[in-house]
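One structure is given below, encoded as structure tokens.
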Amino acid sequence: MRHMSGIRRSVCFLCCAVLIAAGGSACTGIDGDPGQRDGSSGTPSTSVEPAPEPSVDEALEDRYQQVVRDVLPSVVQITTGEELGSGIVHDREGHIVTNAHVVGRSEKFEVELATGGQPLKAKLVAGHPEEDLAVIKLTDPPKRLRPAVFADSSKVEVGQIVLAMGTPLGLSSSVTQGIVSAVGRAVTEGEDQATLGNMVQTSAAINPGNSGGALVNLSGQVVGIPTLAARDPQLGGGAAPGIGFAIPAVTVRHLAAQMIEHGKVVDPRKASMGVAVRTILGEDFQPAGASVVRVAKNGPAGRAGIRPGDLIVQVDEEPVADTVSLAEVLATRQPDDRVRVTFVRADERERVNVRLGES
């Protein structure tokens, strides 16, 4: 009984606190003694404010939900051995577009659809590591496949709302949201790895497993394939929150069509100077430029007069500190573009105009 009485006393004090906070009078009794009551019914007087109306833009919320319903069935989970990634259904014949680093060296895969069912078998069609893209194909594609609609990513603008769909950290059919933070970025995936141009930067979360999935606008169109997140050296190389990159849809469409038709990429449309280079360190042991090791015969740089031993330090107004920065500059240019290259020869700075070729 003592235990129960203690509970009643605590509850009553709690009620007093609520009433006082709500502007009522304090309780006059404990252990069930009545407080202030209304005059007729003997029922305690309470004053409850109505709940506020929702402040959510229901039209925008409905749009989000509709996009998820329309696009998520086109996003699949790909298993390669013990690794997981994402992919996008390209056509009803069972072709699926993903990242080259998702498929790795594998040639056989299991694919799970967002609509459920048993895992489906798939095989490699082609990979193009230079742009981190690959195509695989279901060996027995079901009739219920829903191909994604790819946007004209050249019309993507900063500030547009986008959703990222995929399998981050093994959580299938996950959706995150953000905006387009920038366009036309050039990003190098890592030491001696692919340099990707014209990337779409987004604040939508890109986590391991999202790679190969879909970055989608509110019209339900794929504007890019989420590929990597920025790394922050100050965080020990960990992911920098809110900075992710996606391969633009125009690149995906151009390269995927070739891989499906020819089994490889025959026209990459990637700008090239026709040189092989290596990074040179300065007196402070910091990168000082890209030294030309080899010049392609009759290539763009050779025709402009650049020779082995020249140290490239600038392209147009962009400084070149090493091989990576040179690759990132070229990734933002197109074949046939004209650029002004600054290089050092015999301690003298020289400048030449180079008409870029195609790698």
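Numbering starts fresh at 1 for the residues of each chain in the structure tokens, the chains themselves are lettered A, B, ... in the order given, and ligands are numbered from 1 as they appear.
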Closest atom pairs, residues of region 241-313 of chain A within 8 Å of region 144-153 of chain A, only C-alpha atoms, as JSON lines:
```
{"residue": "A:Pro248", "atom": "CA", "partner": "A:Ser153", "partner_atom": "CA", "distance": 5.9}
{"residue": "A:Ala249", "atom": "CA", "partner": "A:Ser153", "partner_atom": "CA", "distance": 5.4}
{"residue": "A:Val250", "atom": "CA", "partner": "A:Ser153", "partner_atom": "CA", "distance": 5.7}
{"residue": "A:Arg253", "atom": "CA", "partner": "A:Phe150", "partner_atom": "CA", "distance": 7.6}
```
Report task. Please provide as a PyMOL selection string all residues within 10 Å of Ala122 (chain A), with the sequence filter that same-chain residues fewer than 6 positions apart are discarded (counting only C-alpha atoms). Result -> chain A and resi 78-79+94-96+107-111+136-141
What does the file look like for those residues with all heavy atoms, as a compact mmCIF listing (two decimals), in the first residue's frame?
```txt
# COMPACT_ATOMS: atom_id res chain seq x y z
N ILE A 78 22.85 -4.93 -56.51
CA ILE A 78 23.75 -5.84 -57.20
C ILE A 78 24.70 -6.45 -56.17
O ILE A 78 25.32 -5.73 -55.38
CB ILE A 78 24.57 -5.11 -58.28
CG1 ILE A 78 23.62 -4.49 -59.33
CG2 ILE A 78 25.55 -6.05 -58.96
CD1 ILE A 78 24.32 -3.60 -60.33
N THR A 79 24.82 -7.77 -56.21
CA THR A 79 25.74 -8.48 -55.32
C THR A 79 26.85 -9.11 -56.15
O THR A 79 26.58 -9.82 -57.12
CB THR A 79 25.02 -9.58 -54.52
OG1 THR A 79 23.94 -9.00 -53.79
CG2 THR A 79 25.97 -10.26 -53.56
N GLY A 94 16.75 -6.17 -70.10
CA GLY A 94 17.45 -6.59 -68.90
C GLY A 94 18.81 -5.96 -68.70
O GLY A 94 19.57 -6.39 -67.82
N HIS A 95 19.16 -4.95 -69.51
CA HIS A 95 20.44 -4.27 -69.31
C HIS A 95 20.34 -3.34 -68.09
O HIS A 95 19.34 -2.63 -67.92
CB HIS A 95 20.81 -3.45 -70.55
CG HIS A 95 21.17 -4.30 -71.72
ND1 HIS A 95 20.31 -4.51 -72.79
CD2 HIS A 95 22.30 -5.03 -72.00
CE1 HIS A 95 20.89 -5.30 -73.67
NE2 HIS A 95 22.09 -5.64 -73.22
N ILE A 96 21.38 -3.37 -67.27
CA ILE A 96 21.45 -2.57 -66.05
C ILE A 96 22.74 -1.77 -66.06
O ILE A 96 23.82 -2.34 -66.30
CB ILE A 96 21.37 -3.46 -64.80
CG1 ILE A 96 20.01 -4.14 -64.74
CG2 ILE A 96 21.65 -2.67 -63.53
CD1 ILE A 96 19.91 -5.22 -63.69
N GLU A 107 32.28 -11.17 -63.22
CA GLU A 107 31.56 -11.31 -64.49
C GLU A 107 30.17 -11.89 -64.30
O GLU A 107 29.37 -11.90 -65.23
CB GLU A 107 32.36 -12.17 -65.46
CG GLU A 107 33.69 -11.52 -65.87
CD GLU A 107 34.37 -12.28 -67.00
OE1 GLU A 107 33.85 -13.34 -67.40
OE2 GLU A 107 35.43 -11.80 -67.47
N LYS A 108 29.89 -12.37 -63.09
CA LYS A 108 28.57 -12.91 -62.79
C LYS A 108 28.05 -12.26 -61.51
O LYS A 108 28.82 -12.00 -60.58
CB LYS A 108 28.62 -14.43 -62.63
CG LYS A 108 29.00 -15.16 -63.92
CD LYS A 108 28.99 -16.67 -63.72
CE LYS A 108 29.35 -17.39 -65.01
NZ LYS A 108 29.34 -18.87 -64.82
N PHE A 109 26.73 -12.02 -61.48
CA PHE A 109 26.15 -11.24 -60.39
C PHE A 109 24.78 -11.77 -60.02
O PHE A 109 24.14 -12.50 -60.77
CB PHE A 109 26.02 -9.76 -60.81
CG PHE A 109 27.22 -9.22 -61.51
CD1 PHE A 109 27.31 -9.26 -62.90
CD2 PHE A 109 28.28 -8.69 -60.80
CE1 PHE A 109 28.42 -8.78 -63.56
CE2 PHE A 109 29.40 -8.21 -61.44
CZ PHE A 109 29.47 -8.26 -62.83
N GLU A 110 24.33 -11.35 -58.82
CA GLU A 110 22.94 -11.53 -58.42
C GLU A 110 22.31 -10.15 -58.29
O GLU A 110 22.92 -9.22 -57.74
CB GLU A 110 22.84 -12.28 -57.09
CG GLU A 110 23.11 -13.78 -57.21
CD GLU A 110 22.72 -14.52 -55.94
OE1 GLU A 110 22.53 -13.85 -54.89
OE2 GLU A 110 22.59 -15.75 -56.00
N VAL A 111 21.10 -10.04 -58.81
CA VAL A 111 20.40 -8.76 -58.83
C VAL A 111 19.06 -8.91 -58.12
O VAL A 111 18.30 -9.84 -58.41
CB VAL A 111 20.17 -8.27 -60.28
CG1 VAL A 111 19.31 -7.00 -60.29
CG2 VAL A 111 21.51 -8.02 -60.97
N ILE A 136 25.64 -4.52 -67.05
CA ILE A 136 25.43 -5.95 -66.88
C ILE A 136 24.06 -6.29 -67.46
O ILE A 136 23.25 -5.39 -67.74
CB ILE A 136 25.52 -6.38 -65.41
CG1 ILE A 136 24.38 -5.78 -64.58
CG2 ILE A 136 26.86 -5.97 -64.82
CD1 ILE A 136 24.36 -6.27 -63.13
N LYS A 137 23.77 -7.59 -67.65
CA LYS A 137 22.49 -7.98 -68.26
C LYS A 137 21.91 -9.18 -67.53
O LYS A 137 22.61 -10.16 -67.25
CB LYS A 137 22.68 -8.33 -69.74
CG LYS A 137 21.37 -8.59 -70.49
CD LYS A 137 21.62 -8.87 -71.96
CE LYS A 137 20.30 -8.96 -72.73
NZ LYS A 137 19.46 -10.09 -72.25
N LEU A 138 20.62 -9.10 -67.21
CA LEU A 138 19.92 -10.21 -66.60
C LEU A 138 19.83 -11.36 -67.59
O LEU A 138 19.49 -11.15 -68.77
CB LEU A 138 18.52 -9.79 -66.16
CG LEU A 138 18.44 -8.68 -65.10
CD1 LEU A 138 16.99 -8.27 -64.88
CD2 LEU A 138 19.07 -9.13 -63.79
N THR A 139 20.13 -12.57 -67.14
CA THR A 139 20.09 -13.71 -68.05
C THR A 139 18.65 -14.12 -68.37
O THR A 139 18.39 -14.69 -69.43
CB THR A 139 20.84 -14.91 -67.44
OG1 THR A 139 20.30 -15.20 -66.14
CG2 THR A 139 22.33 -14.58 -67.29
N ASP A 140 17.73 -13.84 -67.48
CA ASP A 140 16.32 -14.16 -67.71
C ASP A 140 15.47 -13.00 -67.20
O ASP A 140 14.85 -13.09 -66.13
CB ASP A 140 15.95 -15.46 -66.99
CG ASP A 140 14.54 -15.94 -67.35
OD1 ASP A 140 13.99 -15.47 -68.37
OD2 ASP A 140 14.00 -16.77 -66.59
N PRO A 141 15.43 -11.90 -67.94
CA PRO A 141 14.73 -10.70 -67.44
C PRO A 141 13.23 -10.93 -67.30
O PRO A 141 12.59 -11.48 -68.20
CB PRO A 141 15.03 -9.65 -68.51
CG PRO A 141 15.37 -10.43 -69.74
CD PRO A 141 16.03 -11.67 -69.27
```
**Report entry** Nearest to Ala59 (chain A) by atom-to-atom distance, counting only C-alpha atoms, from A:Ile88, A:Ala296, A:Leu218, A:Gly104
**Finding:**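 Comparing A:Ile88, A:Ala296, A:Leu218, A:Gly104 against Ala59 (chain A), the winner is A:Leu218.
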Requested in this report: For Gly263 (chain A), list every protein, DNA or RNA residue within 10 Å, evaluated using only C-alpha atoms, and leave out those in the same chain fewer than 4 positions away; present the list as a PyMOL selection string.
Outcome: chain A and resi 124-127+135+256-259
Write the residues of the selection above to a file with N, CA and C atoms, as a compact mmCIF listing (two decimals), in the first residue's frame.
```txt
# COMPACT_ATOMS: atom_id res chain seq x y z
N LEU A 124 28.21 -9.87 -66.99
CA LEU A 124 28.83 -8.63 -67.44
C LEU A 124 28.69 -8.47 -68.95
N VAL A 125 28.30 -7.27 -69.38
CA VAL A 125 28.31 -6.91 -70.80
C VAL A 125 29.61 -6.21 -71.14
N ALA A 126 29.92 -5.15 -70.39
CA ALA A 126 31.16 -4.40 -70.63
C ALA A 126 31.40 -3.46 -69.46
N GLY A 127 32.67 -3.13 -69.25
CA GLY A 127 33.06 -2.13 -68.26
C GLY A 127 33.93 -1.07 -68.90
N VAL A 135 27.99 -2.03 -67.69
CA VAL A 135 26.66 -2.54 -68.01
C VAL A 135 26.66 -4.04 -67.76
N ALA A 256 26.71 3.97 -72.21
CA ALA A 256 25.95 2.72 -72.05
C ALA A 256 25.45 2.21 -73.39
N ALA A 257 25.00 3.11 -74.25
CA ALA A 257 24.52 2.68 -75.57
C ALA A 257 25.62 1.99 -76.35
N GLN A 258 26.84 2.49 -76.26
CA GLN A 258 27.96 1.86 -76.98
C GLN A 258 28.31 0.50 -76.39
N MET A 259 28.31 0.40 -75.07
CA MET A 259 28.63 -0.87 -74.44
C MET A 259 27.59 -1.94 -74.79
```
Could you list, as an mmCIF file with all heavy atoms, in the first residue's frame, every residue within 6 Å of region 313-321 of chain A, counting only C-alpha atoms and ignoring same-chain residues fewer than 3 positions away?
```cif
data_model
loop_
_atom_site.group_PDB
_atom_site.id
_atom_site.type_symbol
_atom_site.label_atom_id
_atom_site.label_comp_id
_atom_site.auth_asym_id
_atom_site.auth_seq_id
_atom_site.Cartn_x
_atom_site.Cartn_y
_atom_site.Cartn_z
ATOM 1 N N PRO A 287 54.381 19.182 -54.980
ATOM 2 C CA PRO A 287 54.170 19.051 -56.424
ATOM 3 C C PRO A 287 54.349 20.373 -57.143
ATOM 4 O O PRO A 287 53.819 21.406 -56.713
ATOM 5 C CB PRO A 287 52.729 18.550 -56.524
ATOM 6 C CG PRO A 287 52.477 17.855 -55.235
ATOM 7 C CD PRO A 287 53.252 18.645 -54.208
ATOM 8 N N ALA A 288 55.123 20.351 -58.230
ATOM 9 C CA ALA A 288 55.459 21.595 -58.933
ATOM 10 C C ALA A 288 54.989 21.601 -60.380
ATOM 11 O O ALA A 288 55.185 22.596 -61.080
ATOM 12 C CB ALA A 288 56.975 21.810 -58.895
ATOM 13 N N GLY A 289 54.353 20.525 -60.845
ATOM 14 C CA GLY A 289 53.874 20.513 -62.217
ATOM 15 C C GLY A 289 53.833 19.105 -62.773
ATOM 16 O O GLY A 289 54.204 18.131 -62.110
ATOM 17 N N SER A 325 45.814 17.094 -61.256
ATOM 18 C CA SER A 325 45.210 18.385 -61.589
ATOM 19 C C SER A 325 45.146 18.597 -63.102
ATOM 20 O O SER A 325 44.202 19.195 -63.618
ATOM 21 C CB SER A 325 45.957 19.536 -60.905
ATOM 22 O OG SER A 325 47.322 19.544 -61.259
ATOM 23 N N LEU A 326 46.142 18.090 -63.853
ATOM 24 C CA LEU A 326 46.072 18.177 -65.309
ATOM 25 C C LEU A 326 44.910 17.352 -65.837
ATOM 26 O O LEU A 326 44.149 17.812 -66.710
ATOM 27 C CB LEU A 326 47.387 17.698 -65.935
ATOM 28 C CG LEU A 326 47.414 17.676 -67.478
ATOM 29 C CD1 LEU A 326 47.164 19.067 -68.050
ATOM 30 C CD2 LEU A 326 48.733 17.112 -67.979
ATOM 31 N N VAL A 339 42.972 25.336 -75.939
ATOM 32 C CA VAL A 339 43.431 25.759 -74.616
ATOM 33 C C VAL A 339 44.827 26.366 -74.747
ATOM 34 O O VAL A 339 45.565 26.070 -75.692
ATOM 35 C CB VAL A 339 43.465 24.572 -73.628
ATOM 36 C CG1 VAL A 339 42.080 24.022 -73.377
ATOM 37 C CG2 VAL A 339 44.395 23.469 -74.127
ATOM 38 N N ARG A 340 45.150 27.240 -73.795
ATOM 39 C CA ARG A 340 46.465 27.859 -73.762
ATOM 40 C C ARG A 340 47.283 27.183 -72.667
ATOM 41 O O ARG A 340 46.940 27.254 -71.484
ATOM 42 C CB ARG A 340 46.351 29.360 -73.505
ATOM 43 C CG ARG A 340 47.676 30.119 -73.690
ATOM 44 C CD ARG A 340 47.402 31.609 -73.809
ATOM 45 N NE ARG A 340 48.616 32.374 -74.001
ATOM 46 C CZ ARG A 340 49.254 32.523 -75.159
ATOM 47 N NH1 ARG A 340 48.788 31.892 -76.238
ATOM 48 N NH2 ARG A 340 50.334 33.258 -75.255
ATOM 49 N N VAL A 341 48.350 26.503 -73.063
ATOM 50 C CA VAL A 341 49.159 25.707 -72.141
ATOM 51 C C VAL A 341 50.442 26.468 -71.802
ATOM 52 O O VAL A 341 51.174 26.908 -72.697
ATOM 53 C CB VAL A 341 49.505 24.335 -72.748
ATOM 54 C CG1 VAL A 341 50.390 23.530 -71.784
ATOM 55 C CG2 VAL A 341 48.229 23.562 -73.074
ATOM 56 N N THR A 342 50.688 26.622 -70.498
ATOM 57 C CA THR A 342 51.929 27.242 -70.022
ATOM 58 C C THR A 342 52.854 26.142 -69.517
ATOM 59 O O THR A 342 52.437 25.293 -68.716
ATOM 60 C CB THR A 342 51.635 28.233 -68.894
ATOM 61 O OG1 THR A 342 50.718 29.231 -69.350
ATOM 62 C CG2 THR A 342 52.925 28.914 -68.442
ATOM 63 N N PHE A 343 54.107 26.151 -69.970
ATOM 64 C CA PHE A 343 55.067 25.149 -69.524
ATOM 65 C C PHE A 343 56.429 25.796 -69.326
ATOM 66 O O PHE A 343 56.687 26.924 -69.781
ATOM 67 C CB PHE A 343 55.173 23.992 -70.530
ATOM 68 C CG PHE A 343 55.616 24.401 -71.909
ATOM 69 C CD1 PHE A 343 56.969 24.417 -72.252
ATOM 70 C CD2 PHE A 343 54.685 24.761 -72.870
ATOM 71 C CE1 PHE A 343 57.381 24.791 -73.528
ATOM 72 C CE2 PHE A 343 55.086 25.139 -74.141
ATOM 73 C CZ PHE A 343 56.447 25.158 -74.479
#
```
Query raised in the report: Which of these residues is nearest to Ala290 (chain A), using only C-alpha atoms: A:Pro268, A:Gly87, A:Gly302, A:Gly309?
Result: A:Gly309
**Report entry** Residue list (strand (DSSP E), DSSP) for region 65-256 of chain A, as a count of residues only
**Finding:** 93
**Report entry** Closest of A:Arg307, A:Arg69, A:Arg345, A:Arg63 to Ser173 (chain A) - atom-to-atom distances counting only C-alpha atoms
**Finding:**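 The closest residue to Ser173 (chain A) is A:Arg69.
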Query raised in the report: Between A:Ser181, A:Thr202, A:Pro308, A:Ile247, which one has atoms that come closest to Val277 (chain A), using only C-alpha atoms?
Result: A:Pro308
